>>> print(open('start_1.txt').read())   # compact mmCIF, N, CA, C and O atoms
# COMPACT_ATOMS: atom_id res chain seq x y z
N MET N 472 106.84 51.57 144.06
CA MET N 472 105.89 52.36 143.32
C MET N 472 106.37 53.82 143.30
O MET N 472 106.77 54.36 144.32
N LYS N 473 106.29 54.44 142.15
CA LYS N 473 106.73 55.82 141.98
C LYS N 473 105.62 56.78 142.43
O LYS N 473 104.45 56.58 142.14
N LYS N 474 106.02 57.82 143.16
CA LYS N 474 105.08 58.83 143.63
C LYS N 474 104.63 59.69 142.45
O LYS N 474 105.44 60.11 141.63
N PRO N 475 103.30 59.95 142.34
CA PRO N 475 102.84 60.79 141.23
C PRO N 475 103.35 62.22 141.38
O PRO N 475 103.48 62.74 142.48
N LYS N 476 103.66 62.83 140.25
CA LYS N 476 104.16 64.20 140.23
C LYS N 476 103.00 65.15 140.55
O LYS N 476 101.91 65.01 139.99
N PRO N 477 103.20 66.12 141.47
CA PRO N 477 102.11 67.03 141.79
C PRO N 477 101.78 67.95 140.62
O PRO N 477 102.65 68.29 139.82
N GLN N 478 100.52 68.34 140.53
CA GLN N 478 100.10 69.28 139.50
C GLN N 478 100.67 70.66 139.84
O GLN N 478 100.76 71.04 141.01
N THR N 479 101.03 71.40 138.81
CA THR N 479 101.54 72.75 139.01
C THR N 479 100.90 73.69 138.01
O THR N 479 100.30 73.25 137.02
N TYR N 480 101.03 74.98 138.28
CA TYR N 480 100.60 75.98 137.31
C TYR N 480 101.64 77.09 137.30
O TYR N 480 102.43 77.23 138.23
N GLU N 481 101.64 77.86 136.24
CA GLU N 481 102.60 78.94 136.11
C GLU N 481 102.00 80.22 136.68
O GLU N 481 100.84 80.53 136.44
N ALA N 482 102.80 80.94 137.45
CA ALA N 482 102.38 82.22 138.02
C ALA N 482 103.53 83.20 137.87
O ALA N 482 104.68 82.81 137.68
N GLU N 483 103.20 84.47 137.96
CA GLU N 483 104.22 85.50 137.89
C GLU N 483 104.36 86.16 139.26
O GLU N 483 103.37 86.61 139.84
N VAL N 484 105.57 86.17 139.77
CA VAL N 484 105.85 86.77 141.07
C VAL N 484 107.00 87.76 140.89
O VAL N 484 108.08 87.38 140.46
N ALA N 485 106.73 89.00 141.21
CA ALA N 485 107.74 90.06 141.09
C ALA N 485 108.40 90.07 139.71
O ALA N 485 109.61 90.22 139.59
N GLY N 486 107.60 89.86 138.69
CA GLY N 486 108.11 89.90 137.33
C GLY N 486 108.79 88.63 136.84
O GLY N 486 109.28 88.57 135.73
N HIS N 487 108.83 87.60 137.67
CA HIS N 487 109.45 86.33 137.30
C HIS N 487 108.39 85.24 137.22
O HIS N 487 107.51 85.16 138.07
N LYS N 488 108.51 84.39 136.22
CA LYS N 488 107.59 83.27 136.10
C LYS N 488 108.07 82.12 136.98
O LYS N 488 109.26 81.80 136.98
N VAL N 489 107.14 81.57 137.75
CA VAL N 489 107.47 80.45 138.65
C VAL N 489 106.41 79.37 138.49
O VAL N 489 105.31 79.62 138.01
N ARG N 490 106.76 78.14 138.87
CA ARG N 490 105.80 77.03 138.90
C ARG N 490 105.32 76.90 140.33
O ARG N 490 106.10 76.89 141.28
N VAL N 491 104.02 76.82 140.51
CA VAL N 491 103.40 76.73 141.82
C VAL N 491 102.63 75.41 141.89
O VAL N 491 101.93 75.04 140.96
N THR N 492 102.78 74.71 143.01
CA THR N 492 102.09 73.44 143.19
C THR N 492 100.61 73.69 143.47
O THR N 492 100.25 74.53 144.29
N VAL N 493 99.76 72.94 142.80
CA VAL N 493 98.32 73.00 143.04
C VAL N 493 98.04 72.22 144.32
O VAL N 493 98.38 71.05 144.41
N PRO N 494 97.43 72.88 145.32
CA PRO N 494 97.16 72.15 146.56
C PRO N 494 96.12 71.06 146.33
O PRO N 494 95.21 71.21 145.52
N ASP N 495 96.28 69.96 147.06
CA ASP N 495 95.27 68.91 146.95
C ASP N 495 94.07 69.28 147.80
O ASP N 495 94.11 70.18 148.62
N ASP N 496 92.97 68.59 147.60
CA ASP N 496 91.71 68.90 148.28
C ASP N 496 91.82 68.81 149.79
O ASP N 496 91.16 69.55 150.50
N THR N 497 92.63 67.90 150.31
CA THR N 497 92.70 67.75 151.76
C THR N 497 93.28 69.00 152.41
O THR N 497 92.88 69.35 153.51
N ARG N 498 94.17 69.68 151.74
CA ARG N 498 94.72 70.91 152.31
C ARG N 498 93.64 71.98 152.40
O ARG N 498 93.57 72.73 153.37
N GLU N 499 92.76 72.05 151.40
CA GLU N 499 91.65 73.00 151.43
C GLU N 499 90.70 72.64 152.56
O GLU N 499 90.25 73.50 153.30
N ASP N 500 90.40 71.35 152.70
CA ASP N 500 89.54 70.90 153.80
C ASP N 500 90.16 71.26 155.14
O ASP N 500 89.46 71.70 156.06
N ASP N 501 91.47 71.06 155.27
CA ASP N 501 92.16 71.40 156.52
C ASP N 501 92.04 72.88 156.83
O ASP N 501 91.83 73.27 157.98
N LEU N 502 92.16 73.71 155.79
CA LEU N 502 92.04 75.16 155.98
C LEU N 502 90.67 75.51 156.54
O LEU N 502 90.55 76.23 157.54
N PHE N 503 89.61 75.01 155.91
CA PHE N 503 88.27 75.36 156.35
C PHE N 503 87.91 74.71 157.68
O PHE N 503 87.17 75.29 158.47
N ASP N 504 88.47 73.56 157.97
CA ASP N 504 88.29 72.96 159.30
C ASP N 504 88.93 73.86 160.36
O ASP N 504 88.34 74.09 161.42
N ALA N 505 90.12 74.36 160.08
CA ALA N 505 90.81 75.24 161.02
C ALA N 505 90.02 76.54 161.22
O ALA N 505 89.92 77.04 162.35
N ILE N 506 89.45 77.07 160.16
CA ILE N 506 88.64 78.28 160.28
C ILE N 506 87.42 78.01 161.16
O ILE N 506 87.11 78.78 162.07
N ARG N 507 86.73 76.89 160.91
CA ARG N 507 85.55 76.53 161.71
C ARG N 507 85.90 76.38 163.19
O ARG N 507 85.12 76.76 164.06
N GLU N 508 87.05 75.78 163.46
CA GLU N 508 87.46 75.50 164.84
C GLU N 508 87.96 76.73 165.59
O GLU N 508 87.89 76.76 166.81
N ASN N 509 88.46 77.73 164.87
CA ASN N 509 89.12 78.85 165.53
C ASN N 509 88.42 80.20 165.40
O ASN N 509 88.79 81.14 166.11
N LEU N 510 87.48 80.30 164.50
CA LEU N 510 86.80 81.58 164.29
C LEU N 510 85.29 81.41 164.43
O LEU N 510 84.72 80.43 163.94
N SER N 511 84.66 82.39 165.03
CA SER N 511 83.20 82.38 165.12
C SER N 511 82.62 82.71 163.75
O SER N 511 83.30 83.32 162.91
N PRO N 512 81.36 82.35 163.52
CA PRO N 512 80.72 82.75 162.26
C PRO N 512 80.74 84.27 162.08
O PRO N 512 80.89 84.77 160.95
N GLN N 513 80.61 85.01 163.17
CA GLN N 513 80.64 86.48 163.09
C GLN N 513 82.02 86.97 162.62
O GLN N 513 82.09 87.90 161.82
N ALA N 514 83.09 86.35 163.11
CA ALA N 514 84.43 86.75 162.68
C ALA N 514 84.63 86.44 161.19
O ALA N 514 85.21 87.25 160.46
N VAL N 515 84.15 85.29 160.76
CA VAL N 515 84.26 84.93 159.34
C VAL N 515 83.48 85.92 158.49
O VAL N 515 83.96 86.39 157.45
N ALA N 516 82.27 86.28 158.93
CA ALA N 516 81.46 87.25 158.20
C ALA N 516 82.16 88.61 158.12
O ALA N 516 82.11 89.29 157.09
N ALA N 517 82.83 89.01 159.20
CA ALA N 517 83.56 90.27 159.20
C ALA N 517 84.73 90.23 158.21
O ALA N 517 84.98 91.19 157.48
N ILE N 518 85.43 89.11 158.17
CA ILE N 518 86.54 88.95 157.21
C ILE N 518 86.02 89.08 155.79
O ILE N 518 86.60 89.78 154.96
N VAL N 519 84.90 88.43 155.51
CA VAL N 519 84.29 88.51 154.17
C VAL N 519 83.93 89.96 153.84
O VAL N 519 84.17 90.42 152.73
N ALA N 520 83.36 90.67 154.82
CA ALA N 520 82.96 92.06 154.59
C ALA N 520 84.16 92.92 154.18
O ALA N 520 84.02 93.82 153.35
N TYR N 521 85.32 92.63 154.72
CA TYR N 521 86.52 93.38 154.35
C TYR N 521 87.14 92.88 153.04
O TYR N 521 87.77 93.65 152.31
N LEU N 522 86.97 91.60 152.74
CA LEU N 522 87.54 91.05 151.51
C LEU N 522 86.74 91.45 150.27
O LEU N 522 87.31 91.63 149.20
N GLN N 523 85.42 91.55 150.40
CA GLN N 523 84.58 91.80 149.23
C GLN N 523 84.98 93.04 148.42
O GLN N 523 85.05 92.96 147.20
N PRO N 524 85.27 94.17 149.05
CA PRO N 524 85.64 95.33 148.23
C PRO N 524 87.13 95.38 147.86
O PRO N 524 87.55 96.28 147.14
N ALA N 525 87.92 94.44 148.34
CA ALA N 525 89.37 94.48 148.11
C ALA N 525 89.70 94.29 146.63
O ALA N 525 89.20 93.38 145.99
N LYS N 526 90.51 95.18 146.11
CA LYS N 526 90.97 95.10 144.71
C LYS N 526 92.45 95.44 144.67
O LYS N 526 92.92 96.33 145.36
N THR N 527 93.18 94.69 143.84
CA THR N 527 94.60 94.95 143.65
C THR N 527 94.84 95.25 142.18
O THR N 527 93.92 95.19 141.37
N LYS N 528 96.07 95.48 141.82
CA LYS N 528 96.44 95.70 140.42
C LYS N 528 96.64 94.37 139.69
O LYS N 528 96.85 94.35 138.49
N ASN N 529 96.57 93.27 140.44
CA ASN N 529 96.84 91.95 139.87
C ASN N 529 95.53 91.18 139.71
O ASN N 529 94.86 90.86 140.69
N LYS N 530 95.17 90.90 138.47
CA LYS N 530 93.91 90.22 138.17
C LYS N 530 93.83 88.84 138.83
O LYS N 530 92.78 88.44 139.34
N ALA N 531 94.93 88.12 138.85
CA ALA N 531 94.94 86.78 139.45
C ALA N 531 94.70 86.87 140.97
O ALA N 531 93.96 86.07 141.53
N VAL N 532 95.33 87.84 141.60
CA VAL N 532 95.13 88.04 143.04
C VAL N 532 93.68 88.42 143.32
O VAL N 532 93.06 87.91 144.26
N ASN N 533 93.10 89.28 142.50
CA ASN N 533 91.70 89.65 142.67
C ASN N 533 90.80 88.43 142.55
O ASN N 533 89.85 88.27 143.32
N HIS N 534 91.10 87.56 141.62
CA HIS N 534 90.33 86.33 141.45
C HIS N 534 90.45 85.45 142.71
O HIS N 534 89.45 84.89 143.18
N GLU N 535 91.65 85.34 143.25
CA GLU N 535 91.87 84.53 144.45
C GLU N 535 91.14 85.12 145.65
O GLU N 535 90.54 84.38 146.45
N LEU N 536 91.19 86.44 145.81
CA LEU N 536 90.47 87.09 146.90
C LEU N 536 88.96 86.85 146.78
O LEU N 536 88.28 86.57 147.78
N ASN N 537 88.47 86.95 145.57
CA ASN N 537 87.04 86.72 145.32
C ASN N 537 86.67 85.27 145.65
O ASN N 537 85.65 85.02 146.29
N TRP N 538 87.50 84.32 145.22
CA TRP N 538 87.25 82.91 145.52
C TRP N 538 87.20 82.69 147.03
O TRP N 538 86.30 82.03 147.55
N PHE N 539 88.17 83.26 147.76
CA PHE N 539 88.24 83.06 149.20
C PHE N 539 87.03 83.68 149.90
O PHE N 539 86.42 83.06 150.78
N ALA N 540 86.64 84.88 149.49
CA ALA N 540 85.47 85.53 150.08
C ALA N 540 84.21 84.70 149.82
O ALA N 540 83.38 84.52 150.72
N GLU N 541 84.07 84.16 148.61
CA GLU N 541 82.91 83.32 148.29
C GLU N 541 82.92 82.03 149.10
O GLU N 541 81.88 81.58 149.59
N ALA N 542 84.09 81.42 149.25
CA ALA N 542 84.20 80.18 150.02
C ALA N 542 83.85 80.43 151.49
O ALA N 542 83.14 79.63 152.11
N LEU N 543 84.33 81.54 152.04
CA LEU N 543 84.00 81.87 153.43
C LEU N 543 82.51 82.19 153.58
O LEU N 543 81.90 81.84 154.59
N THR N 544 81.94 82.84 152.58
CA THR N 544 80.50 83.13 152.61
C THR N 544 79.70 81.85 152.68
O THR N 544 78.76 81.73 153.47
N GLU N 545 80.08 80.87 151.89
CA GLU N 545 79.39 79.57 151.92
C GLU N 545 79.59 78.88 153.27
O GLU N 545 78.70 78.21 153.77
N LEU N 546 80.75 79.07 153.86
CA LEU N 546 81.06 78.46 155.15
C LEU N 546 80.10 78.93 156.25
O LEU N 546 79.76 78.16 157.14
N VAL N 547 79.66 80.18 156.18
CA VAL N 547 78.75 80.71 157.20
C VAL N 547 77.28 80.57 156.82
O VAL N 547 76.41 81.02 157.55
N GLY N 548 77.00 79.97 155.66
CA GLY N 548 75.61 79.73 155.31
C GLY N 548 75.05 80.55 154.17
O GLY N 548 73.84 80.63 153.99
N GLY N 549 75.92 81.17 153.40
CA GLY N 549 75.46 81.91 152.23
C GLY N 549 75.48 83.41 152.43
O GLY N 549 75.75 83.92 153.53
N LEU N 550 75.18 84.12 151.35
CA LEU N 550 75.29 85.58 151.31
C LEU N 550 74.35 86.26 152.30
O LEU N 550 74.74 87.20 153.00
N GLU N 551 73.12 85.79 152.39
CA GLU N 551 72.16 86.41 153.30
C GLU N 551 72.63 86.27 154.76
O GLU N 551 72.61 87.23 155.53
N MET N 552 73.08 85.08 155.14
CA MET N 552 73.56 84.85 156.50
C MET N 552 74.83 85.65 156.77
O MET N 552 75.00 86.22 157.85
N GLN N 553 75.72 85.73 155.79
CA GLN N 553 76.94 86.52 155.96
C GLN N 553 76.57 87.97 156.23
O GLN N 553 77.14 88.61 157.12
N GLY N 554 75.61 88.49 155.49
CA GLY N 554 75.16 89.87 155.70
C GLY N 554 74.58 90.08 157.08
O GLY N 554 74.86 91.08 157.75
N ARG N 555 73.76 89.14 157.54
CA ARG N 555 73.16 89.24 158.87
C ARG N 555 74.23 89.23 159.97
O ARG N 555 74.18 90.00 160.91
N LEU N 556 75.18 88.30 159.83
CA LEU N 556 76.25 88.18 160.83
C LEU N 556 77.13 89.42 160.84
O LEU N 556 77.52 89.91 161.92
N ALA N 557 77.44 89.97 159.67
CA ALA N 557 78.25 91.18 159.59
C ALA N 557 77.50 92.35 160.24
O ALA N 557 78.10 93.14 160.99
N GLU N 558 76.22 92.43 159.98
CA GLU N 558 75.42 93.49 160.58
C GLU N 558 75.37 93.33 162.10
O GLU N 558 75.44 94.31 162.85
N GLU N 559 75.29 92.09 162.56
CA GLU N 559 75.26 91.79 163.99
C GLU N 559 76.49 92.34 164.72
O GLU N 559 76.39 92.75 165.87
N VAL N 560 77.63 92.35 164.04
CA VAL N 560 78.85 92.86 164.67
C VAL N 560 79.14 94.32 164.31
O VAL N 560 80.21 94.84 164.61
N GLY N 561 78.19 94.96 163.64
CA GLY N 561 78.33 96.37 163.38
C GLY N 561 78.98 96.77 162.07
O GLY N 561 79.48 97.89 161.94
N LEU N 562 78.98 95.87 161.11
CA LEU N 562 79.56 96.20 159.79
C LEU N 562 78.46 96.44 158.77
O LEU N 562 77.40 95.93 158.84
>>> encode(input="start_1.txt", output="structure tokens")
Amino acid sequence: MKKPKPQTYEAEVAGHKVRVTVPDDTREDDLFDAIRENLSPQAVAAIVAYLQPAKTKNKAVNHELNWFAEALTELVGGLEMQGRLAEEVGL
């Protein structure tokens, strides 16, 4: 049986167009499992607090940062809980 070809998308890196493999869902699950196992909810909330205002010159990177901050916010129980946890640690 032939292995299915992974999905890819085109991205620009240092002015060059490259093909990037789309990660499968299990890799995303592994990432968030690792975050849950290694970081406290307060640490995750602090990371989100620093990510939220982050802006770059690259629209795609800004979108990715926003996605990650939103995903981490959901991981700790939503925006209200993220705010409470960040405040708890002095942010």
>>> residues_around(input="start_1.txt", residues="Leu536 (chain N)", least_positions_apart="5", cutoff="9 Å", atoms="only C-alpha atoms", output="MDAnalysis selection string")
chainID N and resid 522:523 525:526 531 541
>>> closest_residue(input="start_1.txt", among="N:Pro477, N:Gly561, N:Pro524, N:Pro512", to="Gly548 (chain N)", atoms="only C-alpha atoms")
N:Pro512
>>> closest_residue(input="start_1.txt", among="N:Asp504, N:Ala516, N:Arg555, N:Tyr521", to="Leu543 (chain N)", atoms="only N, CA, C and O atoms")
N:Ala516
>>> select_by_dssp(input="start_1.txt", residues="chain N", states="strand (DSSP E or B)", output="mmCIF file with N, CA, C and O atoms, in the frame of the given file")
data_model
loop_
_atom_site.group_PDB
_atom_site.id
_atom_site.type_symbol
_atom_site.label_atom_id
_atom_site.label_comp_id
_atom_site.auth_asym_id
_atom_site.auth_seq_id
_atom_site.Cartn_x
_atom_site.Cartn_y
_atom_site.Cartn_z
ATOM 1 N N THR N 479 101.030 71.400 138.810
ATOM 2 C CA THR N 479 101.540 72.750 139.010
ATOM 3 C C THR N 479 100.900 73.690 138.010
ATOM 4 O O THR N 479 100.300 73.250 137.020
ATOM 5 N N TYR N 480 101.030 74.980 138.280
ATOM 6 C CA TYR N 480 100.600 75.980 137.310
ATOM 7 C C TYR N 480 101.640 77.090 137.300
ATOM 8 O O TYR N 480 102.430 77.230 138.230
ATOM 9 N N GLU N 481 101.640 77.860 136.240
ATOM 10 C CA GLU N 481 102.600 78.940 136.110
ATOM 11 C C GLU N 481 102.000 80.220 136.680
ATOM 12 O O GLU N 481 100.840 80.530 136.440
ATOM 13 N N ALA N 482 102.800 80.940 137.450
ATOM 14 C CA ALA N 482 102.380 82.220 138.020
ATOM 15 C C ALA N 482 103.530 83.200 137.870
ATOM 16 O O ALA N 482 104.680 82.810 137.680
ATOM 17 N N GLU N 483 103.200 84.470 137.960
ATOM 18 C CA GLU N 483 104.220 85.500 137.890
ATOM 19 C C GLU N 483 104.360 86.160 139.260
ATOM 20 O O GLU N 483 103.370 86.610 139.840
ATOM 21 N N VAL N 484 105.570 86.170 139.770
ATOM 22 C CA VAL N 484 105.850 86.770 141.070
ATOM 23 C C VAL N 484 107.000 87.760 140.890
ATOM 24 O O VAL N 484 108.080 87.380 140.460
ATOM 25 N N HIS N 487 108.830 87.600 137.670
ATOM 26 C CA HIS N 487 109.450 86.330 137.300
ATOM 27 C C HIS N 487 108.390 85.240 137.220
ATOM 28 O O HIS N 487 107.510 85.160 138.070
ATOM 29 N N LYS N 488 108.510 84.390 136.220
ATOM 30 C CA LYS N 488 107.590 83.270 136.100
ATOM 31 C C LYS N 488 108.070 82.120 136.980
ATOM 32 O O LYS N 488 109.260 81.800 136.980
ATOM 33 N N VAL N 489 107.140 81.570 137.750
ATOM 34 C CA VAL N 489 107.470 80.450 138.650
ATOM 35 C C VAL N 489 106.410 79.370 138.490
ATOM 36 O O VAL N 489 105.310 79.620 138.010
ATOM 37 N N ARG N 490 106.760 78.140 138.870
ATOM 38 C CA ARG N 490 105.800 77.030 138.900
ATOM 39 C C ARG N 490 105.320 76.900 140.330
ATOM 40 O O ARG N 490 106.100 76.890 141.280
ATOM 41 N N VAL N 491 104.020 76.820 140.510
ATOM 42 C CA VAL N 491 103.400 76.730 141.820
ATOM 43 C C VAL N 491 102.630 75.410 141.890
ATOM 44 O O VAL N 491 101.930 75.040 140.960
ATOM 45 N N THR N 492 102.780 74.710 143.010
ATOM 46 C CA THR N 492 102.090 73.440 143.190
ATOM 47 C C THR N 492 100.610 73.690 143.470
ATOM 48 O O THR N 492 100.250 74.530 144.290
#
>>> select_by_dssp(input="start_1.txt", residues="chain N", states="alpha helix (DSSP H)", output="number ranges by chain")
N: 496-509, 512-522, 530-546, 550-559
>>> residues_around(input="start_1.txt", residues="Leu562 (chain N)", least_positions_apart="5", cutoff="8 Å", atoms="all atoms listed in the file", output="JSON, numbers by chain")
{"N": [516, 517, 520, 553, 554, 555, 556, 557]}
>>> closest_residue(input="start_1.txt", among="N:Met552, N:Ile506, N:Asp501, N:Thr544", to="Val519 (chain N)", atoms="all atoms listed in the file")
N:Thr544
>>> atom_distance(input="start_1.txt", atom1="CA of Leu510 (chain N)", atom2="CA of Val491 (chain N)")
28.4 Å
>>> atom_distance(input="start_1.txt", atom1="atom O of Val560 (chain N)", atom2="atom O of Lys530 (chain N)")
28.9 Å
>>> closest_residue(input="start_1.txt", among="N:Ala514, N:Ala540, N:Glu535, N:Glu545", to="Glu559 (chain N)", atoms="only C-alpha atoms")
N:Ala514
>>> atom_distance(input="start_1.txt", atom1="CA of Lys476 (chain N)", atom2="CA of Val489 (chain N)")
16.7 Å
